[in-house]
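Next comes entry34.tsv, a file with TSV, C-alpha atoms.
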```tsv
chain	number	residue	atom	x	y	z
V	664	MET	CA	-7.39	22.26	58.90
V	665	ARG	CA	-3.95	23.85	58.38
V	666	ILE	CA	-3.64	27.35	59.80
V	667	SER	CA	-1.79	29.62	57.36
V	668	ARG	CA	-2.38	33.12	58.67
V	669	SER	CA	1.27	34.16	58.59
V	670	VAL	CA	3.83	32.65	56.18
V	671	LEU	CA	7.40	33.78	56.84
V	672	ALA	CA	10.00	33.80	54.06
V	673	VAL	CA	13.47	32.78	55.32
V	674	PRO	CA	16.57	33.10	53.09
V	675	ALA	CA	18.09	29.63	52.71
V	676	SER	CA	21.55	31.18	52.42
V	677	SER	CA	21.47	32.43	56.03
V	678	GLU	CA	22.01	29.73	58.66
V	679	LYS	CA	21.32	32.24	61.43
V	680	MET	CA	17.91	33.17	59.97
V	681	ILE	CA	17.08	29.50	59.37
V	682	GLU	CA	17.71	28.72	63.04
V	683	ARG	CA	15.42	31.59	64.04
V	684	GLY	CA	12.56	30.41	61.80
V	685	PRO	CA	10.98	28.03	64.32
V	686	LEU	CA	11.23	30.72	67.03
V	687	SER	CA	9.11	33.19	65.05
V	688	GLY	CA	5.42	33.61	65.72
V	689	ALA	CA	4.55	32.69	62.14
V	690	ASP	CA	2.13	29.83	61.54
V	691	LEU	CA	4.34	28.60	58.69
V	692	PHE	CA	7.79	29.45	57.36
V	693	PHE	CA	9.61	28.38	54.23
V	694	LEU	CA	13.26	28.30	53.23
V	695	ASP	CA	13.78	30.36	50.10
V	696	LEU	CA	16.14	29.31	47.31
V	697	GLU	CA	14.77	31.86	44.84
V	698	ASP	CA	14.83	35.66	45.13
V	699	ALA	CA	16.52	35.75	48.54
V	700	VAL	CA	19.61	33.83	47.37
V	701	ALA	CA	22.32	35.13	45.03
V	702	PRO	CA	23.24	32.84	42.10
V	703	ALA	CA	26.68	32.05	43.51
V	704	ALA	CA	25.14	30.98	46.83
V	705	LYS	CA	22.41	28.68	45.55
V	706	ALA	CA	24.35	25.41	45.75
V	707	ALA	CA	25.33	26.01	49.37
V	708	ALA	CA	21.78	27.15	50.16
V	709	ARG	CA	20.43	23.79	48.93
V	710	GLU	CA	22.67	22.07	51.46
V	711	ASN	CA	21.27	24.34	54.17
V	712	VAL	CA	17.72	23.39	53.15
V	713	VAL	CA	18.49	19.66	53.33
V	714	ARG	CA	20.15	20.04	56.72
V	715	ALA	CA	17.29	22.14	58.08
V	716	ILE	CA	14.60	19.74	56.89
V	717	ASN	CA	16.41	16.76	58.36
V	718	GLU	CA	17.72	18.27	61.59
V	719	LEU	CA	15.83	21.44	62.55
V	720	ASP	CA	12.95	21.30	65.01
V	721	TRP	CA	10.08	22.83	62.99
V	722	ARG	CA	7.84	22.71	66.08
V	723	GLY	CA	4.94	20.95	64.45
V	724	ARG	CA	4.98	23.02	61.28
V	725	PRO	CA	5.25	21.34	57.86
V	726	THR	CA	8.70	21.49	56.26
V	727	VAL	CA	8.58	23.83	53.27
V	728	TYR	CA	11.09	25.30	50.83
V	729	ARG	CA	10.80	27.40	47.68
V	730	VAL	CA	12.58	26.35	44.49
V	731	ASN	CA	13.68	28.60	41.68
V	732	SER	CA	11.24	28.93	38.77
V	733	LEU	CA	11.15	26.34	36.01
V	734	ASP	CA	12.75	28.68	33.47
V	735	THR	CA	16.02	28.94	35.43
V	736	PRO	CA	19.11	26.68	35.38
V	737	TYR	CA	18.69	26.07	39.11
V	738	PHE	CA	15.25	24.48	39.16
V	739	TYR	CA	15.99	20.81	38.52
V	740	ARG	CA	18.81	20.66	41.04
V	741	ASP	CA	16.61	22.45	43.60
V	742	VAL	CA	14.16	19.58	43.24
V	743	VAL	CA	16.33	16.51	42.74
V	744	GLU	CA	19.05	17.26	45.28
V	745	VAL	CA	16.75	18.38	48.07
V	746	VAL	CA	14.03	15.74	47.61
V	747	GLU	CA	16.53	12.89	47.36
V	748	GLN	CA	18.39	13.96	50.50
V	749	ALA	CA	15.47	15.23	52.60
V	750	GLY	CA	13.36	12.21	51.77
V	751	GLU	CA	10.34	11.51	53.92
V	752	SER	CA	11.05	14.56	56.09
V	753	LEU	CA	10.01	16.95	53.30
V	754	ASP	CA	6.38	18.05	53.21
V	755	VAL	CA	5.89	20.91	50.72
V	756	ILE	CA	7.60	22.59	47.77
V	757	LEU	CA	6.60	26.18	46.98
V	758	VAL	CA	6.81	26.91	43.25
V	759	PRO	CA	7.25	30.50	42.02
V	760	LYS	CA	5.99	32.04	38.79
V	761	VAL	CA	3.67	29.21	37.78
V	762	GLU	CA	2.23	30.21	34.42
V	763	ALA	CA	0.40	27.13	33.14
V	764	PRO	CA	-0.72	23.67	34.27
V	765	ARG	CA	2.20	22.17	32.36
V	766	ASP	CA	4.59	23.73	34.89
V	767	LEU	CA	3.09	21.72	37.73
V	768	HIS	CA	2.64	18.66	35.49
V	769	ALA	CA	6.38	18.73	34.80
V	770	LEU	CA	7.23	19.06	38.48
V	771	ASP	CA	4.74	16.35	39.43
V	772	THR	CA	6.37	13.96	36.96
V	773	LEU	CA	9.87	14.81	38.16
V	774	LEU	CA	8.84	14.32	41.79
V	775	SER	CA	7.24	10.97	41.00
V	776	SER	CA	10.47	9.81	39.34
V	777	VAL	CA	12.63	10.95	42.26
V	778	GLU	CA	10.27	9.35	44.78
V	779	LEU	CA	10.36	6.07	42.85
V	780	ALA	CA	14.15	6.06	42.58
V	781	ALA	CA	14.66	6.96	46.24
V	782	GLY	CA	12.02	4.60	47.60
V	783	LEU	CA	9.90	7.44	49.00
V	784	THR	CA	6.15	7.42	49.58
V	785	PRO	CA	4.53	8.25	46.21
V	786	GLY	CA	2.81	11.62	46.21
V	787	LYS	CA	3.91	12.53	49.75
V	788	THR	CA	5.54	15.82	48.78
V	789	LYS	CA	2.84	18.44	48.21
V	790	LEU	CA	2.99	21.64	46.17
V	791	GLU	CA	1.96	25.25	46.62
V	792	ALA	CA	1.99	27.54	43.59
V	793	GLN	CA	2.64	31.26	43.26
V	794	ILE	CA	0.53	33.20	40.77
V	795	GLU	CA	2.60	36.28	39.96
V	796	THR	CA	2.44	36.92	36.22
V	797	ALA	CA	-0.20	37.85	33.67
V	798	ARG	CA	0.08	34.40	32.09
V	799	GLY	CA	-0.35	32.71	35.44
V	800	LEU	CA	-3.43	34.72	36.28
V	801	SER	CA	-4.99	34.10	32.87
V	802	ASP	CA	-4.69	30.33	33.41
V	803	VAL	CA	-5.24	30.22	37.15
V	804	ASP	CA	-8.33	27.98	37.05
V	805	ALA	CA	-6.49	25.24	35.17
V	806	ILE	CA	-3.41	25.66	37.39
V	807	ALA	CA	-5.55	25.21	40.50
V	808	ARG	CA	-6.80	21.85	39.17
V	809	SER	CA	-3.54	20.67	37.59
V	810	THR	CA	-2.35	18.09	40.14
V	811	ALA	CA	-3.53	16.33	43.27
V	812	ARG	CA	-0.30	17.42	44.95
V	813	LEU	CA	-1.38	21.09	44.93
V	814	GLU	CA	-2.62	22.45	48.27
V	815	ALA	CA	-2.50	26.25	47.98
V	816	LEU	CA	-2.17	29.28	45.71
V	817	HIS	CA	-0.09	32.34	46.66
V	818	PHE	CA	-0.33	35.81	45.12
V	819	GLY	CA	2.92	37.56	44.20
V	820	PRO	CA	2.08	41.27	43.86
V	821	GLY	CA	5.56	42.54	43.00
V	822	ASP	CA	6.26	40.26	40.07
V	823	TYR	CA	2.64	40.52	38.96
V	824	ALA	CA	2.90	44.31	38.80
V	825	ALA	CA	6.06	43.99	36.73
V	826	SER	CA	4.48	41.48	34.35
V	827	VAL	CA	1.55	43.77	33.53
V	828	ARG	CA	3.79	46.90	33.51
V	829	MET	CA	1.95	48.39	36.45
V	830	PRO	CA	3.92	51.21	38.12
V	831	GLN	CA	4.47	50.56	41.79
V	832	THR	CA	6.61	52.24	44.42
V	833	SER	CA	5.69	50.11	47.45
V	834	ILE	CA	4.98	46.38	47.26
V	835	GLY	CA	1.93	45.39	49.26
V	836	THR	CA	0.68	48.83	50.32
V	837	ALA	CA	-1.08	51.73	48.60
V	838	ASP	CA	1.03	54.39	46.89
V	839	GLU	CA	0.41	57.46	44.71
V	840	TRP	CA	-0.61	55.24	41.82
V	841	ASP	CA	-3.48	53.82	43.86
V	842	GLU	CA	-4.57	57.39	44.57
V	843	ALA	CA	-4.43	58.16	40.84
V	844	TYR	CA	-6.49	55.09	40.01
V	845	GLY	CA	-9.05	55.79	42.69
V	846	GLY	CA	-9.58	52.18	43.71
V	847	HIS	CA	-7.74	49.02	44.73
V	848	ARG	CA	-5.54	48.21	41.75
V	849	PHE	CA	-4.96	44.57	42.73
V	850	HIS	CA	-8.59	43.76	43.52
V	851	TYR	CA	-9.23	41.86	40.28
V	852	ALA	CA	-6.07	39.75	40.48
V	853	MET	CA	-6.53	38.96	44.16
V	854	HIS	CA	-10.16	37.95	43.93
V	855	ARG	CA	-9.52	35.99	40.74
V	856	ILE	CA	-6.97	33.90	42.61
V	857	VAL	CA	-9.30	33.44	45.59
V	858	VAL	CA	-12.11	32.17	43.35
V	859	ALA	CA	-9.81	29.71	41.55
V	860	ALA	CA	-8.42	28.43	44.85
V	861	ARG	CA	-11.80	27.96	46.53
V	862	ALA	CA	-13.30	26.27	43.46
V	863	ALA	CA	-10.47	23.73	43.67
V	864	ASN	CA	-10.66	23.47	47.50
V	865	LEU	CA	-7.23	25.03	48.02
V	866	ARG	CA	-5.89	27.43	50.63
V	867	VAL	CA	-5.00	30.91	49.36
V	868	ILE	CA	-2.28	33.24	50.67
V	869	ASP	CA	-1.66	36.91	49.89
V	870	GLY	CA	1.80	38.33	49.17
V	871	PRO	CA	3.98	40.48	51.43
V	872	VAL	CA	4.25	44.09	52.48
V	873	ALA	CA	7.81	45.11	51.63
V	874	ASP	CA	8.14	47.87	54.24
V	875	TYR	CA	8.33	45.78	57.41
V	876	ARG	CA	8.38	48.95	59.53
V	877	ASP	CA	4.94	50.07	58.27
V	878	GLU	CA	2.64	48.38	60.79
V	879	GLU	CA	-0.36	50.49	59.84
V	880	GLY	CA	0.09	49.70	56.15
V	881	LEU	CA	0.50	46.01	56.95
V	882	ARG	CA	-2.66	45.94	59.04
V	883	LYS	CA	-4.67	47.63	56.29
V	884	ALA	CA	-3.29	45.25	53.66
V	885	CYS	CA	-4.22	42.28	55.87
V	886	LEU	CA	-7.76	43.57	56.33
V	887	VAL	CA	-8.15	43.98	52.56
V	888	ALA	CA	-6.86	40.47	51.92
V	889	ARG	CA	-9.06	38.90	54.59
V	890	SER	CA	-12.09	40.79	53.29
V	891	LEU	CA	-11.50	39.19	49.88
V	892	GLY	CA	-11.28	35.69	51.32
V	893	PHE	CA	-7.55	35.03	51.75
V	894	ASP	CA	-6.44	32.66	54.52
V	895	GLY	CA	-3.28	34.57	55.35
V	896	LYS	CA	-0.38	36.68	54.20
V	897	TRP	CA	3.34	36.47	53.66
V	898	CYS	CA	5.78	38.04	56.10
V	899	ILE	CA	9.28	39.12	55.11
V	900	HIS	CA	10.25	39.88	58.70
V	901	PRO	CA	9.33	37.99	61.90
V	902	ALA	CA	8.02	41.22	63.44
V	903	GLN	CA	5.15	41.22	60.93
V	904	ALA	CA	3.73	37.89	62.12
V	905	GLU	CA	1.94	39.26	65.17
V	906	VAL	CA	-0.17	41.74	63.20
V	907	VAL	CA	-0.90	39.22	60.44
V	908	ASN	CA	-1.96	36.54	62.92
V	909	GLU	CA	-4.22	38.98	64.71
V	910	VAL	CA	-6.03	40.22	61.61
V	911	PHE	CA	-6.58	36.79	60.08
V	912	LEU	CA	-8.03	35.35	63.27
V	913	PRO	CA	-11.74	35.85	63.99
V	914	THR	CA	-12.28	38.26	66.86
V	915	GLU	CA	-14.16	37.14	69.96
V	916	LYS	CA	-17.05	39.30	68.77
V	917	GLU	CA	-17.10	37.48	65.43
V	918	ALA	CA	-16.90	34.08	67.10
V	919	GLU	CA	-19.65	34.95	69.59
V	920	TRP	CA	-21.97	36.11	66.81
V	921	ALA	CA	-21.24	32.93	64.84
V	922	ARG	CA	-22.04	30.75	67.85
V	923	LYS	CA	-25.21	32.70	68.50
V	924	ILE	CA	-26.68	32.42	65.02
V	925	VAL	CA	-25.70	28.76	64.64
V	926	ALA	CA	-27.47	27.92	67.91
V	927	ALA	CA	-30.55	29.96	66.95
V	928	TYR	CA	-30.71	28.44	63.48
V	929	GLU	CA	-30.34	24.89	64.75
V	930	GLU	CA	-33.10	25.47	67.28
V	931	ALA	CA	-35.36	26.95	64.61
V	932	GLY	CA	-34.43	24.22	62.17
V	933	ALA	CA	-35.73	21.61	64.55
V	934	ALA	CA	-39.11	23.32	64.25
V	935	GLY	CA	-38.94	23.34	60.45
V	936	THR	CA	-38.10	27.02	60.00
V	937	GLY	CA	-35.72	27.81	57.11
V	938	CYS	CA	-35.04	31.51	57.64
V	939	ILE	CA	-34.99	33.30	60.97
V	940	SER	CA	-34.22	36.71	62.46
V	941	VAL	CA	-31.50	37.18	65.08
V	942	ASP	CA	-31.15	40.64	66.63
V	943	GLY	CA	-32.79	42.18	63.58
V	944	HIS	CA	-30.60	40.31	61.07
V	945	MET	CA	-31.95	37.76	58.61
V	946	VAL	CA	-30.17	34.43	59.03
V	947	ASP	CA	-30.41	31.70	56.40
V	948	ALA	CA	-28.33	28.75	55.19
V	949	ALA	CA	-25.68	31.04	53.63
V	950	SER	CA	-25.31	32.86	56.94
V	951	ILE	CA	-24.74	29.55	58.70
V	952	ARG	CA	-22.08	28.46	56.22
V	953	MET	CA	-20.18	31.71	56.87
V	954	ALA	CA	-20.61	31.23	60.62
V	955	HIS	CA	-19.19	27.72	60.44
V	956	ASN	CA	-16.19	29.05	58.51
V	957	THR	CA	-15.55	31.48	61.37
V	958	LEU	CA	-15.87	28.81	64.04
V	959	ASP	CA	-13.72	26.31	62.15
V	960	LEU	CA	-10.89	28.84	61.89
V	961	ALA	CA	-11.20	29.85	65.54
V	962	ARG	CA	-11.13	26.21	66.66
V	963	ALA	CA	-8.13	25.39	64.46
V	964	ALA	CA	-6.24	28.34	65.93
V	965	GLY	CA	-7.15	27.18	69.43
V	966	THR	CA	-9.04	30.31	70.43
V	967	ILE	CA	-12.26	28.46	71.24
V	968	CYS	CA	-12.81	24.94	72.50
V	969	CYS	CA	-13.88	22.20	70.15
V	970	GLY	CA	-17.42	22.32	71.40
V	971	GLY	CA	-17.68	26.12	71.08
```
Final structure tokens representation of the file:
Amino acid sequence: MRISRSVLAVPASSEKMIERGPLSGADLFFLDLEDAVAPAAKAAARENVVRAINELDWRGRPTVYRVNSLDTPYFYRDVVEVVEQAGESLDVILVPKVEAPRDLHALDTLLSSVELAAGLTPGKTKLEAQIETARGLSDVDAIARSTARLEALHFGPGDYAASVRMPQTSIGTADEWDEAYGGHRFHYAMHRIVVAARAANLRVIDGPVADYRDEEGLRKACLVARSLGFDGKWCIHPAQAEVVNEVFLPTEKEAEWARKIVAAYEEAGAAGTGCISVDGHMVDAASIRMAHNTLDLARAAGTICCGG
């Protein structure tokens, strides 16, 4: 089980930031060739990505980089040059602005051709897709099932807001427009992506909070995302990782309750009882599935022992 509570975006044009990536507290980090890199710097940034994948100590994390979207003149070189030179050391490509299954079909075919030509393991390089436009959201179920290479969906709130012409003054946190609406304006999009990801057995990651100084806003955004079923959240600054990791990890209280009801249910199950009461709460098979989710995450993060 891959832990993806915090996912740090690192500009591929900055060698200093790349070197600091493994030192961050983030569960994962990726090297960004898209929004964080100016057009004139993209070629040099690709060289940085190749060098980092081949030479940097990622400290057990998978090697990940983000390409430019398929509708740009940079996309094919982002794929061919990096995959050919990084070879077997590359694990994952993050794909922005995926709008239809054909986008990932095209990339899958290109990757297969590069792998064949370079003598790489077929299918080794996995994909993670960003859903950040109205078109992408409308076709998210098909996108989630488009290729066996796909491992996760990511929500991009900023570009999504722009694509649906939603006014927004602060990416990732509530603003005056949320107050005017009276509810959570991104609830539909976020839960739609969660459902598509879970139906296809994928991980699902929420987008960033742009104001990296707003710890309270970040914490609240993390709680909302976790409550909807997300596995984790993007960070645009290493300082955000600590809060994100904390919120997306089950508390000791949650883990203790999960252990308690699993033990009680297993004991009752041996006697043929299907539904039991624990401390005044009804516990049934659905409760146990949720409890196992909690314990699996806690074990994977190393907060409880394997037998806990």
Excluding Leu757 of chain V and residues on its chain fewer than 4 positions from it, collect all residues at most 8 Å away from it, counting all atoms listed in the file, and give them as a PDB file with C-alpha atoms, in the coordinates of the input.
```pdb
ATOM      1  CA  VAL V 727       8.580  23.830  53.270  1.00  0.00           C
ATOM      2  CA  TYR V 728      11.090  25.300  50.830  1.00  0.00           C
ATOM      3  CA  ARG V 729      10.800  27.400  47.680  1.00  0.00           C
ATOM      4  CA  VAL V 730      12.580  26.350  44.490  1.00  0.00           C
ATOM      5  CA  LEU V 790       2.990  21.640  46.170  1.00  0.00           C
ATOM      6  CA  GLU V 791       1.960  25.250  46.620  1.00  0.00           C
ATOM      7  CA  ALA V 792       1.990  27.540  43.590  1.00  0.00           C
ATOM      8  CA  GLN V 793       2.640  31.260  43.260  1.00  0.00           C
TER       9      GLN V 793
END
```
- Name the residues, using the chain letters and numbers of the file, that sit within 6 Å of (-1.1, 37.5, 55.5) when counting all atoms listed in the file, and give them as number ranges by chain. V: 668-669, 869, 885, 895-897, 907
- Message: Just the number, please: distance in Å from atom CA of Lys916 of chain V to atom CA of Cys938 of chain V, one decimal.
- Response: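 Between these atoms lies a distance of 22.5 Å.
The space separating atom CA of Ala675 of chain V from atom CA of Pro764 of chain V comes to 27.0 Å.
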- List every protein, DNA or RNA residue that has an atom no more than 9 Å from (-14.1, 35.9, 66.3) in the file's coordinate frame, counting only C-alpha atoms, and report them as an MDAnalysis selection string. chainID V and resid 912:921 957:958 960:961 966
Residues as selected, C-alpha atoms, written as a PDB file, keeping the file's coordinate frame, can you do that?
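File written: again.pdb
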```pdb
ATOM      1  CA  LEU V 912      -8.030  35.350  63.270  1.00  0.00           C
ATOM      2  CA  PRO V 913     -11.740  35.850  63.990  1.00  0.00           C
ATOM      3  CA  THR V 914     -12.280  38.260  66.860  1.00  0.00           C
ATOM      4  CA  GLU V 915     -14.160  37.140  69.960  1.00  0.00           C
ATOM      5  CA  LYS V 916     -17.050  39.300  68.770  1.00  0.00           C
ATOM      6  CA  GLU V 917     -17.100  37.480  65.430  1.00  0.00           C
ATOM      7  CA  ALA V 918     -16.900  34.080  67.100  1.00  0.00           C
ATOM      8  CA  GLU V 919     -19.650  34.950  69.590  1.00  0.00           C
ATOM      9  CA  TRP V 920     -21.970  36.110  66.810  1.00  0.00           C
ATOM     10  CA  ALA V 921     -21.240  32.930  64.840  1.00  0.00           C
ATOM     11  CA  THR V 957     -15.550  31.480  61.370  1.00  0.00           C
ATOM     12  CA  LEU V 958     -15.870  28.810  64.040  1.00  0.00           C
ATOM     13  CA  LEU V 960     -10.890  28.840  61.890  1.00  0.00           C
ATOM     14  CA  ALA V 961     -11.200  29.850  65.540  1.00  0.00           C
ATOM     15  CA  THR V 966      -9.040  30.310  70.430  1.00  0.00           C
TER      16      THR V 966
END
```
- Message: To one decimal place in Å, what is the distance between atom CA of Ala862 of chain V and atom CA of Gly845 of chain V?
- Response: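 Pair atom CA of Ala862 of chain V / atom CA of Gly845 of chain V returns 29.8 Å.
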- Task: Would you please work out which residue, of V:Asp698, V:Glu878, V:Glu718, V:Asp804, is nearest to Ile681 of chain V when using only C-alpha atoms?
- Result: V:Glu718
Could you give me segment 833-866 of chain V completed to N, CA and C atoms, formatted as a short mmCIF file (atom, residue, chain, number, x, y, z; two decimals), in the frame of the given file?
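Output below, filename out.cif:
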```
data_model
loop_
_atom_site.label_atom_id
_atom_site.label_comp_id
_atom_site.auth_asym_id
_atom_site.auth_seq_id
_atom_site.Cartn_x
_atom_site.Cartn_y
_atom_site.Cartn_z
N SER V 833 5.68 50.79 46.15
CA SER V 833 5.69 50.11 47.45
C SER V 833 4.92 48.80 47.33
N ILE V 834 5.62 47.68 47.39
CA ILE V 834 4.98 46.38 47.26
C ILE V 834 4.10 46.09 48.48
N GLY V 835 2.84 45.83 48.21
CA GLY V 835 1.93 45.39 49.26
C GLY V 835 1.10 46.47 49.92
N THR V 836 1.45 47.74 49.73
CA THR V 836 0.68 48.83 50.32
C THR V 836 0.36 49.87 49.26
N ALA V 837 -0.63 50.71 49.56
CA ALA V 837 -1.08 51.73 48.60
C ALA V 837 0.00 52.79 48.41
N ASP V 838 0.10 53.32 47.18
CA ASP V 838 1.03 54.39 46.89
C ASP V 838 0.31 55.45 46.05
N GLU V 839 1.05 56.38 45.47
CA GLU V 839 0.41 57.46 44.71
C GLU V 839 -0.33 56.97 43.48
N TRP V 840 0.07 55.78 42.99
CA TRP V 840 -0.61 55.24 41.82
C TRP V 840 -2.00 54.71 42.19
N ASP V 841 -2.15 54.23 43.40
CA ASP V 841 -3.48 53.82 43.86
C ASP V 841 -4.38 55.05 43.99
N GLU V 842 -3.80 56.15 44.47
CA GLU V 842 -4.57 57.39 44.57
C GLU V 842 -4.99 57.87 43.18
N ALA V 843 -4.11 57.74 42.20
CA ALA V 843 -4.43 58.16 40.84
C ALA V 843 -5.54 57.30 40.24
N TYR V 844 -5.49 56.00 40.55
CA TYR V 844 -6.49 55.09 40.01
C TYR V 844 -7.85 55.28 40.69
N GLY V 845 -7.81 55.55 41.97
CA GLY V 845 -9.05 55.79 42.69
C GLY V 845 -9.70 54.54 43.25
N GLY V 846 -9.03 53.43 43.17
CA GLY V 846 -9.58 52.18 43.71
C GLY V 846 -8.44 51.26 44.10
N HIS V 847 -8.76 50.00 44.38
CA HIS V 847 -7.74 49.02 44.73
C HIS V 847 -7.25 48.35 43.45
N ARG V 848 -6.03 48.65 43.06
CA ARG V 848 -5.54 48.21 41.75
C ARG V 848 -5.34 46.70 41.64
N PHE V 849 -5.20 46.01 42.77
CA PHE V 849 -4.96 44.57 42.73
C PHE V 849 -6.23 43.76 43.03
N HIS V 850 -7.36 44.45 43.15
CA HIS V 850 -8.59 43.76 43.52
C HIS V 850 -8.92 42.62 42.56
N TYR V 851 -8.87 42.89 41.26
CA TYR V 851 -9.23 41.86 40.28
C TYR V 851 -8.32 40.64 40.41
N ALA V 852 -7.01 40.87 40.41
CA ALA V 852 -6.07 39.75 40.48
C ALA V 852 -6.26 38.95 41.76
N MET V 853 -6.41 39.64 42.88
CA MET V 853 -6.53 38.96 44.16
C MET V 853 -7.80 38.12 44.23
N HIS V 854 -8.91 38.71 43.83
CA HIS V 854 -10.16 37.95 43.93
C HIS V 854 -10.22 36.83 42.90
N ARG V 855 -9.58 37.05 41.76
CA ARG V 855 -9.52 35.99 40.74
C ARG V 855 -8.80 34.78 41.29
N ILE V 856 -7.73 35.00 42.02
CA ILE V 856 -6.97 33.90 42.61
C ILE V 856 -7.77 33.23 43.72
N VAL V 857 -8.47 34.01 44.53
CA VAL V 857 -9.30 33.44 45.59
C VAL V 857 -10.37 32.52 45.00
N VAL V 858 -11.04 32.98 43.96
CA VAL V 858 -12.11 32.17 43.35
C VAL V 858 -11.54 30.86 42.80
N ALA V 859 -10.42 30.93 42.10
CA ALA V 859 -9.81 29.71 41.55
C ALA V 859 -9.41 28.74 42.66
N ALA V 860 -8.85 29.28 43.74
CA ALA V 860 -8.42 28.43 44.85
C ALA V 860 -9.61 27.77 45.53
N ARG V 861 -10.64 28.54 45.83
CA ARG V 861 -11.80 27.96 46.53
C ARG V 861 -12.55 26.95 45.66
N ALA V 862 -12.62 27.21 44.36
CA ALA V 862 -13.30 26.27 43.46
C ALA V 862 -12.58 24.93 43.43
N ALA V 863 -11.26 24.96 43.67
CA ALA V 863 -10.47 23.73 43.67
C ALA V 863 -10.18 23.24 45.09
N ASN V 864 -10.82 23.85 46.10
CA ASN V 864 -10.66 23.47 47.50
C ASN V 864 -9.21 23.61 47.98
N LEU V 865 -8.59 24.75 47.61
CA LEU V 865 -7.23 25.03 48.02
C LEU V 865 -7.20 26.19 49.02
N ARG V 866 -6.14 26.25 49.82
CA ARG V 866 -5.89 27.43 50.63
C ARG V 866 -5.37 28.54 49.73
#
```
